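Asks: Got a structure for you, questions after.
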Amino acid sequence: MSMEPPADLEAEIDALISRYPHPRSAVLMVLHALQERFGFISPDALEWTARKLGLQPINVWELVTFYPMFRQQPQGRFHLKLCRTLGCALAGSHELHAHLCGKLGLDPRAQGPQTTPDGMFTIEFVECLAACDAAPVMMCNDALHERVSLKRAEAIVDECQLAARHGFEP
Amino acid sequence: MAREQLLILKHAREPDYTPDLECYLRHGGYATLKRALALPARTLADGRVQSAPEQLRQEIMVSGLRGRGGAGFSCGLKWSFVDRKSGKPIYLICNADESEPGTFKDRQILHRDPHQLLEGMILACYANGVHLAYIYIRGEFVAGAKLLQRALAEAKAAHFLGSNILDSGYDLEIHVHRGAGAYICGEETGLIESLEGKRPYPRIKPPYFPAVLGLYQCPTIVNNVETLCAVLHIAAMGGSQYAKLGTPNNTGTRLASLSGHVRRPGCYEIEVGKVTLRDLIFDPALGGGLRDGRQLKAVIPGGVSSKVFKAGERVTLKRKTADGKETEQQVDMLDLPYDFDSLIAAGSMSGSGAIIVLDDTADLVAALANISEFFAHESCGQCTPCREGSLWMAKILRRLTSGQGRPADADDLKHIADQIPGGRTICAFGEACSWPVQSFVAKFREDFLARGAANEARRGGGGETHEMKIAATAGV
C-alpha cells in the first residue's frame with residue numbers, strides 16, 4: 001500500500017482523532033480531511049483510514065458509499081452543487097441546471113455528478129442546502145451563492161475560468 | 001399588525017454585528033453563564049438542597065420549552081429522562097444537521113451568532129453534568145463549521161470552555177463534528193450512529209432511548225441549535241418569565257423559515273401561537289403576501305414532511321378557555337395560530353418551523369414529485385416499507401411528470417403511502433415520506449387524476465402498449 005499522507009496532514013488527523021473517546025468516531029472527519037487534500041477518497045486513502053482507526057476497510061467503504069459528500073473519483077477543480085429541492089425548484093433551479101450544463105457542454109438529463117472533459121468543472125444536483133429564502137442557491141466549492149440568476153451563474157463560471165488561468169482562487 | 005419578537009435573532013439582525021467573541025461580549029455575552037456558574041445551592045422549603053445545575057434544569061421545566069428540531073417534545077422532560085445514576089458519562093450533542101427542506105433557521109444562528117449557541121450549550125451541559133459535547137453540523141455548512149471552530153477556540157482562550165471554567169471547578173470540552181450530506185443524520189439515533197463512525201441507521205426504541213443508551217451506550221441528550229439558544233434565554237430571564245412569551249403549552253419564541261411564493265421570504269422570530277399562518281404569509285412586516293395577480297394554492301406548514309394545507313381548507317381549531325374547557329371551531333387553515341398543538345389538531349404539524357407557500361403558478365404534481373425524489377434519495381434503506389415505498393412513490397410521480405402516467409396513479413400512490421407509516425419503520429422517516437404523498441393526493445386529487453388522464457390522452461388514449469408499460473415501470 002503506497003499512500004502515506006504528508007506529516008502535516010497526519011498531525012491534523014491525529015488531532016482530530018484525539019477529540020473522541022473512540023477513534024472510530026473520527027472517521028467522517030478524517031475522510032473530510034483526506035478529501036480536502038486529495039480531492040477524493042482513493043482505495044489507498046480508504047485502506048489507510050481503516051488502518052489508522054483500527055477498522056476493517058469495509059467499515060470505511062460502507063461510509064464512503066453511503067454519504068453523498070464523499071467522492072471516489074477525482075472531480076472537477078470547481079464543483080458546482082445546485083440545490084434541487086422544492087424551494088429552489090420553485091425558483092427555477094432546473095432551468096439553472098440546464099443552462100449551466102449547456103454552457104459547459106454537459107447533458108442536463110444525466111443522473112449524478114458530471115465533469116467536463118478538461119477536468120475543470122463538476123456539476124451536480126444536491127438536496128436542500130438550507131437557504132430556501134435565497135433560492136435558487138448553488139455552492140461553488142465551499143462558497144454558497146444565493147439568488148443565482150442565469151446571468152450570475154454564467155459570471156461565476158467565467159470567474160472560475162479566469163481564476164484557473166491566472167492560478168488564484170475565485 | 002403582527003410583530004416579530006426578537007430574542008434569538010436580536011443581535012444577528014443588526015447589520016454591524018459580527019460573529020466574533022469581542023462583539024458577543026460587547027453585547028453582554030457570557031454574562032448568563034458567569035451568573036449560572038456562581039449560583040449557590042439553595043435549600044427548599046422541605047429541607048432538600050438544590051444544586052445550581054438542578055435549579056437550571058428546573059427553570060427549563062418551568063419554561064415549558066419544547067424542542068425546536070421538529071418533534072416539539074418538552075426539553076425539560078427530555079432532560080429529566082437522563083439516567084444520572086448509571087455511573088457512565090453523560091453526553092450532549094447539538095443537532096446542527098439542519099436538512100428538512102424549507103428550513104434555514106439554524107443557519108442564521110450558526111453563521112451570524114455562534115457564541116450564542118455556545119453559551120446556551122455550555123449552560124445545558126452544566127445543567128446536566130456533561131463534560132464532553134459535540135456539535136453535529138451538516139457537511140454542506142463548511143463556512144458554519146469554520147466559524148464554530150473559531151468560536152470554540154475563542155471561548156476556550158477566554159476560559160468559557162476547557163478545564164475549570166471561570167474557576168468554577170467545572171470542566172467541559174465541545175468539538176465540531178461534520179456530517180457528509182445525509183438527511184437521516186438529523187434523526188437523533190441516526191445522528192448518534194453517525195457520530196460513532198457508522199452508517200447513520202436509526203436505532204430502535206426501546207431499548208435505545210438516547211437518555212439511557214445513547215452515544216457509546218451512555219446517557220445522551222440531543223438538542224437542536226435553536227432549542228439550546230432558548231436555554232440561554234431561559235437561564236437569563238427565568239423559566240416563568242419565558243413562559244409568559246407565546247401561549248400556554250406553546251411557550252417562548254420560535255424561528256419560522258418562510259419560503260416559496262411570497263414577497264418577503266426569510267427567517268422570522270415570532271411568539272409561538274401569537275401569529276397565524278395568515279399573518280406569516282400576508283403581513284407586510286413578515287411574508288408580505290403573494291406576488292401581484294397570484295392566488296394562494298397550498299401551504300406546507302412545517303417542512304416538506306408535514307401534511308399540506310389546501311387554500312381555503314377548513315380545519316379544526318382546538319382552544320382551551322380560561323376555565324380549562326376545550327372548545328372546537330372550524331376555521332380557514334390560514335387562521336391557525338402558528339404553534340405546535342394547533343397544527344397537530346388540524347391534521348398537520350409545525351415540524352421544524354418551515355413554511356413553504358405555493359401560489360397558483362405551482363404545479364402540485366411536480367411539487368410532490370420533487371418532494372418524493374428527496375425522500376427516495378434520503379431513505380437510509382434500513383426498513384423495507386420506507387426503502388421500497390419511497391422509491392416506488394418517486395417512480396410513479398416521475399412517470400406522471402414525464403408523460404407516462406395514468407389516472408390510476410393517484411390511487412396507487414395512496415395505496416403505497418398508506419402502508420409505510422404507523423409503526424412499520426424504525427424511525428419517523430416512514431411518516432415523513434408518506435405524509436406529503438397522502439395529503440397532496442387526497443387534497444389535490446383532481447390535479448393527479450387530470451395529469452394521468454392527460455398523459456394517457458397524449459399517448460393515444462385507451463390501453464398502454466407493452467413498451468409503455470416497460471418505460472413506465474423503469475421510470476423513464
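Going by the C-alpha cells order, chains are called A, B, ..., each with residues numbered from 1, while ligands are numbered from 1 in the order shown.
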Please report as a PyMOL selection string which residues of chain A come no farther than 9 Å from chain B, using only C-alpha atoms.
Replies: chain A and resi 19-20+22-29+32+59-60+62-63+66-70+84-91+126-135+139+142-144
Asks: Would you put the residues from that selection into a file with C-alpha atoms, as a PDB file, in the first residue's frame?
Replies:
ATOM      1  CA  ARG A  19     -11.302  14.649  20.087  1.00  0.00           C
ATOM      2  CA  TYR A  20     -13.113  11.366  20.583  1.00  0.00           C
ATOM      3  CA  HIS A  22     -13.152   6.087  20.467  1.00  0.00           C
ATOM      4  CA  PRO A  23     -11.048   6.554  17.307  1.00  0.00           C
ATOM      5  CA  ARG A  24     -13.799   5.156  15.074  1.00  0.00           C
ATOM      6  CA  SER A  25     -15.875   8.283  15.776  1.00  0.00           C
ATOM      7  CA  ALA A  26     -13.301  10.364  13.901  1.00  0.00           C
ATOM      8  CA  VAL A  27     -13.838   8.556  10.608  1.00  0.00           C
ATOM      9  CA  LEU A  28     -16.036  11.203   8.924  1.00  0.00           C
ATOM     10  CA  MET A  29     -13.673  13.974   9.973  1.00  0.00           C
ATOM     11  CA  HIS A  32     -13.193  15.065   5.084  1.00  0.00           C
ATOM     12  CA  ASN A  59     -16.176  -0.190   7.789  1.00  0.00           C
ATOM     13  CA  VAL A  60     -14.848   2.828   5.889  1.00  0.00           C
ATOM     14  CA  GLU A  62     -19.665   1.475   3.660  1.00  0.00           C
ATOM     15  CA  LEU A  63     -19.475   5.102   4.738  1.00  0.00           C
ATOM     16  CA  PHE A  66     -23.400   5.978   1.908  1.00  0.00           C
ATOM     17  CA  TYR A  67     -22.642   9.654   2.454  1.00  0.00           C
ATOM     18  CA  PRO A  68     -23.226  11.729  -0.691  1.00  0.00           C
ATOM     19  CA  MET A  69     -20.419  14.191   0.011  1.00  0.00           C
ATOM     20  CA  PHE A  70     -17.637  11.623  -0.326  1.00  0.00           C
ATOM     21  CA  ARG A  84     -32.643  20.547  -6.472  1.00  0.00           C
ATOM     22  CA  THR A  85     -35.198  20.558  -3.649  1.00  0.00           C
ATOM     23  CA  LEU A  86     -38.594  22.279  -3.556  1.00  0.00           C
ATOM     24  CA  GLY A  87     -37.796  25.890  -2.658  1.00  0.00           C
ATOM     25  CA  CYS A  88     -35.080  26.127  -5.288  1.00  0.00           C
ATOM     26  CA  ALA A  89     -37.097  24.151  -7.861  1.00  0.00           C
ATOM     27  CA  LEU A  90     -39.934  26.685  -7.483  1.00  0.00           C
ATOM     28  CA  ALA A  91     -37.378  29.423  -8.111  1.00  0.00           C
ATOM     29  CA  VAL A 126     -27.828  18.110  -4.481  1.00  0.00           C
ATOM     30  CA  GLU A 127     -30.624  18.085  -1.913  1.00  0.00           C
ATOM     31  CA  CYS A 128     -31.743  21.098   0.149  1.00  0.00           C
ATOM     32  CA  LEU A 129     -28.865  23.380   1.149  1.00  0.00           C
ATOM     33  CA  ALA A 130     -30.929  25.121   3.857  1.00  0.00           C
ATOM     34  CA  ALA A 131     -31.013  28.558   2.282  1.00  0.00           C
ATOM     35  CA  CYS A 132     -34.529  28.462   0.788  1.00  0.00           C
ATOM     36  CA  ASP A 133     -35.149  32.170   1.373  1.00  0.00           C
ATOM     37  CA  ALA A 134     -32.401  32.907  -1.132  1.00  0.00           C
ATOM     38  CA  ALA A 135     -33.485  30.386  -3.791  1.00  0.00           C
ATOM     39  CA  MET A 139     -22.354  26.073  -3.990  1.00  0.00           C
ATOM     40  CA  ASP A 142     -17.118  25.705  -0.324  1.00  0.00           C
ATOM     41  CA  ALA A 143     -18.839  29.004  -1.128  1.00  0.00           C
ATOM     42  CA  LEU A 144     -22.625  29.398  -1.184  1.00  0.00           C
TER      43      LEU A 144
END
Asks: Could you write out, as a PyMOL selection string, all the residues of region 18-164 of chain A that DSSP marks as alpha helix (DSSP H)?
Replies: chain A and resi 27-38+43-53+57-64+86-90+93-104+150-164
Asks: I want to know what sits within 12 Å of Pro43 (chain A), based on only C-alpha atoms, with residues of the same chain fewer than 2 positions away left out; could you give that as a list of chain:residue names?
Replies: A:Met1, A:Ser2, A:Met3, A:Leu31, A:Leu34, A:Phe40, A:Ile41, A:Ala45, A:Leu46, A:Glu47, A:Trp48, A:Thr49, A:Ala50, A:Pro57, A:Ile58, A:Val60, A:Trp61, A:Val64, A:Arg71, A:Gln72, A:Gln73
Asks: Using DSSP assignments from the backbone, pull out every residue in chain A that falls under strand (DSSP E or B) and give it to me as a list in words.
Replies: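 So the strand (DSSP E or B) residues in chain A would be Phe78, His79, Leu80, Lys81, Leu82, Cys83, Gln114, Thr115, Phe121, Thr122, Ile123, Glu124, Phe125, Val126, Met138, Met139, Cys140, Ala143, Leu144 and His145 of chain A.
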Asks: Grab the residues selected above and save them as a JSON list (two decimals), in the first residue's frame with N, CA and C atoms.
Replies:
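Everything below was put into part-v2.json:
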[["chain", "number", "residue", "atom", "x", "y", "z"],
["A", 78, "PHE", "N", -13.55, 22.93, -9.99],
["A", 78, "PHE", "CA", -14.65, 23.69, -9.41],
["A", 78, "PHE", "C", -15.89, 22.79, -9.37],
["A", 79, "HIS", "N", -16.38, 22.57, -8.18],
["A", 79, "HIS", "CA", -17.52, 21.67, -8.01],
["A", 79, "HIS", "C", -18.77, 22.52, -7.79],
["A", 80, "LEU", "N", -19.66, 22.52, -8.76],
["A", 80, "LEU", "CA", -20.89, 23.30, -8.66],
["A", 80, "LEU", "C", -22.00, 22.38, -8.15],
["A", 81, "LYS", "N", -22.53, 22.71, -6.98],
["A", 81, "LYS", "CA", -23.63, 21.93, -6.41],
["A", 81, "LYS", "C", -24.87, 22.79, -6.42],
["A", 82, "LEU", "N", -25.83, 22.41, -7.25],
["A", 82, "LEU", "CA", -27.09, 23.16, -7.34],
["A", 82, "LEU", "C", -28.13, 22.49, -6.48],
["A", 83, "CYS", "N", -28.86, 23.30, -5.70],
["A", 83, "CYS", "CA", -29.93, 22.72, -4.90],
["A", 83, "CYS", "C", -31.09, 22.34, -5.80],
["A", 114, "GLN", "N", -21.45, 15.22, -13.06],
["A", 114, "GLN", "CA", -20.79, 15.14, -14.37],
["A", 114, "GLN", "C", -19.62, 16.11, -14.38],
["A", 115, "THR", "N", -18.54, 15.69, -15.03],
["A", 115, "THR", "CA", -17.35, 16.53, -15.06],
["A", 115, "THR", "C", -16.99, 16.86, -16.51],
["A", 121, "PHE", "N", -14.72, 21.60, -14.40],
["A", 121, "PHE", "CA", -15.98, 21.74, -13.66],
["A", 121, "PHE", "C", -16.67, 20.41, -13.43],
["A", 122, "THR", "N", -17.20, 20.24, -12.22],
["A", 122, "THR", "CA", -18.15, 19.16, -11.96],
["A", 122, "THR", "C", -19.46, 19.83, -11.60],
["A", 123, "ILE", "N", -20.55, 19.35, -12.19],
["A", 123, "ILE", "CA", -21.85, 19.93, -11.87],
["A", 123, "ILE", "C", -22.73, 18.82, -11.32],
["A", 124, "GLU", "N", -23.49, 19.16, -10.30],
["A", 124, "GLU", "CA", -24.25, 18.13, -9.60],
["A", 124, "GLU", "C", -25.47, 18.76, -8.95],
["A", 125, "PHE", "N", -26.59, 18.06, -9.03],
["A", 125, "PHE", "CA", -27.77, 18.45, -8.27],
["A", 125, "PHE", "C", -27.63, 17.85, -6.88],
["A", 126, "VAL", "N", -27.86, 18.64, -5.84],
["A", 126, "VAL", "CA", -27.83, 18.11, -4.48],
["A", 126, "VAL", "C", -29.15, 18.44, -3.80],
["A", 138, "MET", "N", -26.64, 27.85, -5.04],
["A", 138, "MET", "CA", -25.64, 26.96, -5.64],
["A", 138, "MET", "C", -24.34, 27.11, -4.85],
["A", 139, "MET", "N", -23.68, 25.99, -4.59],
["A", 139, "MET", "CA", -22.35, 26.07, -3.99],
["A", 139, "MET", "C", -21.32, 25.94, -5.09],
["A", 140, "CYS", "N", -20.27, 26.75, -5.02],
["A", 140, "CYS", "CA", -19.11, 26.56, -5.90],
["A", 140, "CYS", "C", -17.97, 26.26, -4.94],
["A", 143, "ALA", "N", -18.10, 27.74, -1.24],
["A", 143, "ALA", "CA", -18.84, 29.00, -1.13],
["A", 143, "ALA", "C", -20.28, 28.85, -1.59],
["A", 144, "LEU", "N", -21.20, 29.42, -0.82],
["A", 144, "LEU", "CA", -22.62, 29.40, -1.18],
["A", 144, "LEU", "C", -22.97, 30.68, -1.94],
["A", 145, "HIS", "N", -23.62, 30.50, -3.08],
["A", 145, "HIS", "CA", -24.10, 31.66, -3.84],
["A", 145, "HIS", "C", -25.62, 31.67, -3.77]]
Asks: I'd like the interatomic distance between CA of Ile165 (chain B) and CA of Tyr17 (chain B), to a tenth of an Å.
Replies: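 These atoms are spaced 26.1 Å apart.
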Asks: Find the residues near Arg68 (chain B): any atom within 7 Å, counting only C-alpha atoms, skip ones fewer than 5 places away on the same chain, and give them as a ChimeraX atom specification.
Replies: /B:224,226-227,352
Asks: Would you write out those residues with all heavy atoms, as a short mmCIF file (atom, residue, chain, number, x, y, z; two decimals), in the first residue's frame?
Replies:
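Done, and the output landed in again_14.cif:
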data_model
loop_
_atom_site.label_atom_id
_atom_site.label_comp_id
_atom_site.auth_asym_id
_atom_site.auth_seq_id
_atom_site.Cartn_x
_atom_site.Cartn_y
_atom_site.Cartn_z
N ASN B 224 -31.58 20.50 19.49
CA ASN B 224 -31.44 21.32 18.30
C ASN B 224 -30.76 22.66 18.63
O ASN B 224 -30.79 23.13 19.76
CB ASN B 224 -32.86 21.56 17.74
CG ASN B 224 -32.91 22.55 16.61
OD1 ASN B 224 -33.22 23.71 16.81
ND2 ASN B 224 -32.57 22.10 15.43
N GLU B 226 -31.56 25.75 17.86
CA GLU B 226 -32.49 26.79 18.34
C GLU B 226 -32.92 26.50 19.78
O GLU B 226 -33.05 27.41 20.59
CB GLU B 226 -33.71 26.85 17.40
CG GLU B 226 -34.66 27.98 17.72
CD GLU B 226 -35.97 27.89 16.91
OE1 GLU B 226 -36.00 27.15 15.91
OE2 GLU B 226 -36.93 28.55 17.30
N THR B 227 -33.12 25.22 20.10
CA THR B 227 -33.50 24.84 21.46
C THR B 227 -32.42 25.28 22.45
O THR B 227 -32.72 25.81 23.51
CB THR B 227 -33.69 23.31 21.55
OG1 THR B 227 -34.54 22.88 20.49
CG2 THR B 227 -34.28 22.90 22.88
N SER B 352 -40.29 21.61 11.84
CA SER B 352 -39.08 22.39 12.07
C SER B 352 -39.34 23.88 11.85
O SER B 352 -38.39 24.66 11.80
CB SER B 352 -37.99 21.91 11.12
OG SER B 352 -38.46 21.99 9.78
#
Asks: Taking 3 positions as the minimum chain separation for residues in the same chain, which residues sit within 10 Å of Glu187 (chain B) when counting only C-alpha atoms? Answer as a list of chain:residue names.
Replies: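 The residues satisfying every condition are B:Gly69, B:Gly70, B:Asn95, B:Asp97, B:Tyr183, B:Ile184, B:Gly190, B:Leu191, B:Ile192, B:Pro200, B:Tyr201, B:Pro202, B:Arg203, B:Val222, B:Cys427, B:Ala428, B:Phe429.
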